[in-house]
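**Q** Next up is a structure, given as structure tokens.
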There are 2 protein chains.
Amino acid sequence: MVGVSSLDPAIAERLKRDAQGLVTAVIQDAESRDVLMVGWMDDEALHRTLTTGRGTFWSRSRQTYWVKGETSGNTQAVREVRLDCDGDTLLVLVDQTGPACHTGTRTCFDADRLL
Amino acid sequence: MVGVSSLDPAIAERLKRDAQGLVTAVIQDAESRDVLMVGWMDDEALHRTLTTGRGTFWSRSRQTYWVKGETSGNTQAVREVRLDCDGDTLLVLVDQTGPACHTGTRTCFDADRLL
């Protein structure tokens, strides 16, 4: 994780990060309104998401940034980003190309229904 | 957080919990398809959500369980619960009564648009 980010300080001061410096990012399809996936963003990932219009995340397992679709081609064009009342969760509305899940399903929630 | 939960072991073994024993729970309105809020569940909160049909969470700040609407009356009747491909996030579809946000707005994402 990069210590210094170019994120707008007016936004950075509203974030309530967890112990790893991250906020939760819920990704929703702007058209179908399906919840596609949940990822994690630090200040720099949010900065890149806002300025490039591509969903950009911090991988907790690989400890690196990743851009959705950069290897699969299943990109996310960002339409809208909202911060929640607590400042610890983002809602990102996207135009999703192809399946959003790395398993090949449309969303990450398609395979396992508990109720 | 209660150490022993009554959660179905077949479900419990599929959960990938964080260091605090929690999974992320994205709450979506089953009708409007709006993402309403994000909360946190340990095994027992998930067990209670599945068996009572009421959205039940673990409060990280207050270190206690809470049932959505138990003080405000703005309850969540649970229709569907799905686990994501990683096992660390739940998608909960609900019939929301009244505003979902404690600030009185319909969702927790209504007030602060970043993009």
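Chain identifiers are assigned as A, B, and so on, following the order in which chains appear in the structure tokens; residues are numbered from 1 within each chain, and ligands are numbered from 1 in order of appearance.
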List every residue of chain B that DSSP, applied to the backbone, labels as strand (DSSP E), and write the result as a ChimeraX atom specification.
**A** /B:23-29,35-41,56-59,64-67,76-83,89-96,112-113
**Q** Restricted to C-alpha atoms, what would the selected residues look like written as a tab-separated table (two decimals), in the first residue's frame?
**A**
```
chain	number	residue	atom	x	y	z
B	23	VAL	CA	-18.03	-11.27	7.08
B	24	THR	CA	-19.34	-8.26	5.18
B	25	ALA	CA	-23.11	-8.15	4.61
B	26	VAL	CA	-24.44	-6.06	1.72
B	27	ILE	CA	-28.13	-5.31	2.20
B	28	GLN	CA	-30.16	-4.76	-0.97
B	29	ASP	CA	-33.83	-3.83	-1.28
B	35	VAL	CA	-28.16	-1.05	-2.06
B	36	LEU	CA	-29.40	0.07	1.35
B	37	MET	CA	-26.48	-0.40	3.74
B	38	VAL	CA	-23.51	-2.58	4.63
B	39	GLY	CA	-23.22	-4.33	7.98
B	40	TRP	CA	-21.11	-7.03	9.57
B	41	MET	CA	-22.06	-10.52	10.70
B	56	THR	CA	-29.16	-9.09	12.47
B	57	PHE	CA	-25.64	-7.68	12.70
B	58	TRP	CA	-22.56	-7.39	14.87
B	59	SER	CA	-21.71	-3.82	15.83
B	64	THR	CA	-22.89	-6.21	20.50
B	65	TYR	CA	-25.58	-7.73	18.30
B	66	TRP	CA	-28.24	-5.48	16.85
B	67	VAL	CA	-31.41	-6.19	14.92
B	76	GLN	CA	-35.71	-5.68	7.37
B	77	ALA	CA	-37.64	-8.81	6.40
B	78	VAL	CA	-35.08	-11.12	4.83
B	79	ARG	CA	-36.05	-12.72	1.50
B	80	GLU	CA	-32.80	-14.20	0.28
B	81	VAL	CA	-29.19	-14.64	1.47
B	82	ARG	CA	-26.29	-15.42	-0.83
B	83	LEU	CA	-22.60	-16.06	-0.14
B	89	THR	CA	-19.29	-11.44	1.73
B	90	LEU	CA	-23.03	-11.98	2.02
B	91	LEU	CA	-25.70	-10.43	-0.18
B	92	VAL	CA	-28.96	-10.10	1.74
B	93	LEU	CA	-32.15	-9.19	-0.13
B	94	VAL	CA	-34.76	-7.62	2.12
B	95	ASP	CA	-38.14	-5.96	2.25
B	96	GLN	CA	-37.20	-2.73	4.02
B	112	ASP	CA	-22.40	11.90	-0.31
B	113	ARG	CA	-21.72	11.52	-4.03
```
**Q** Do a neighbour search on segment 69-73 of chain A at 10 Å with only C-alpha atoms, toss out local chain neighbours closer than 4 positions, and write the hits as number ranges by chain.
**A** A: 54-56, 96-100, 102, 104
**Q** Mind checking DSSP for chain B and telling me the helix (DSSP H, G or I) residues as a ChimeraX atom specification?
**A** /B:9-12,43-52
**Q** If we count only C-alpha atoms and set the cut-off at 8 Å, which residues sit around Arg17 of chain B, ignoring sequence neighbours fewer than 4 positions away in its own chain? Please answer as a PyMOL selection string.
**A** chain B and resi 21-23+42+87-88
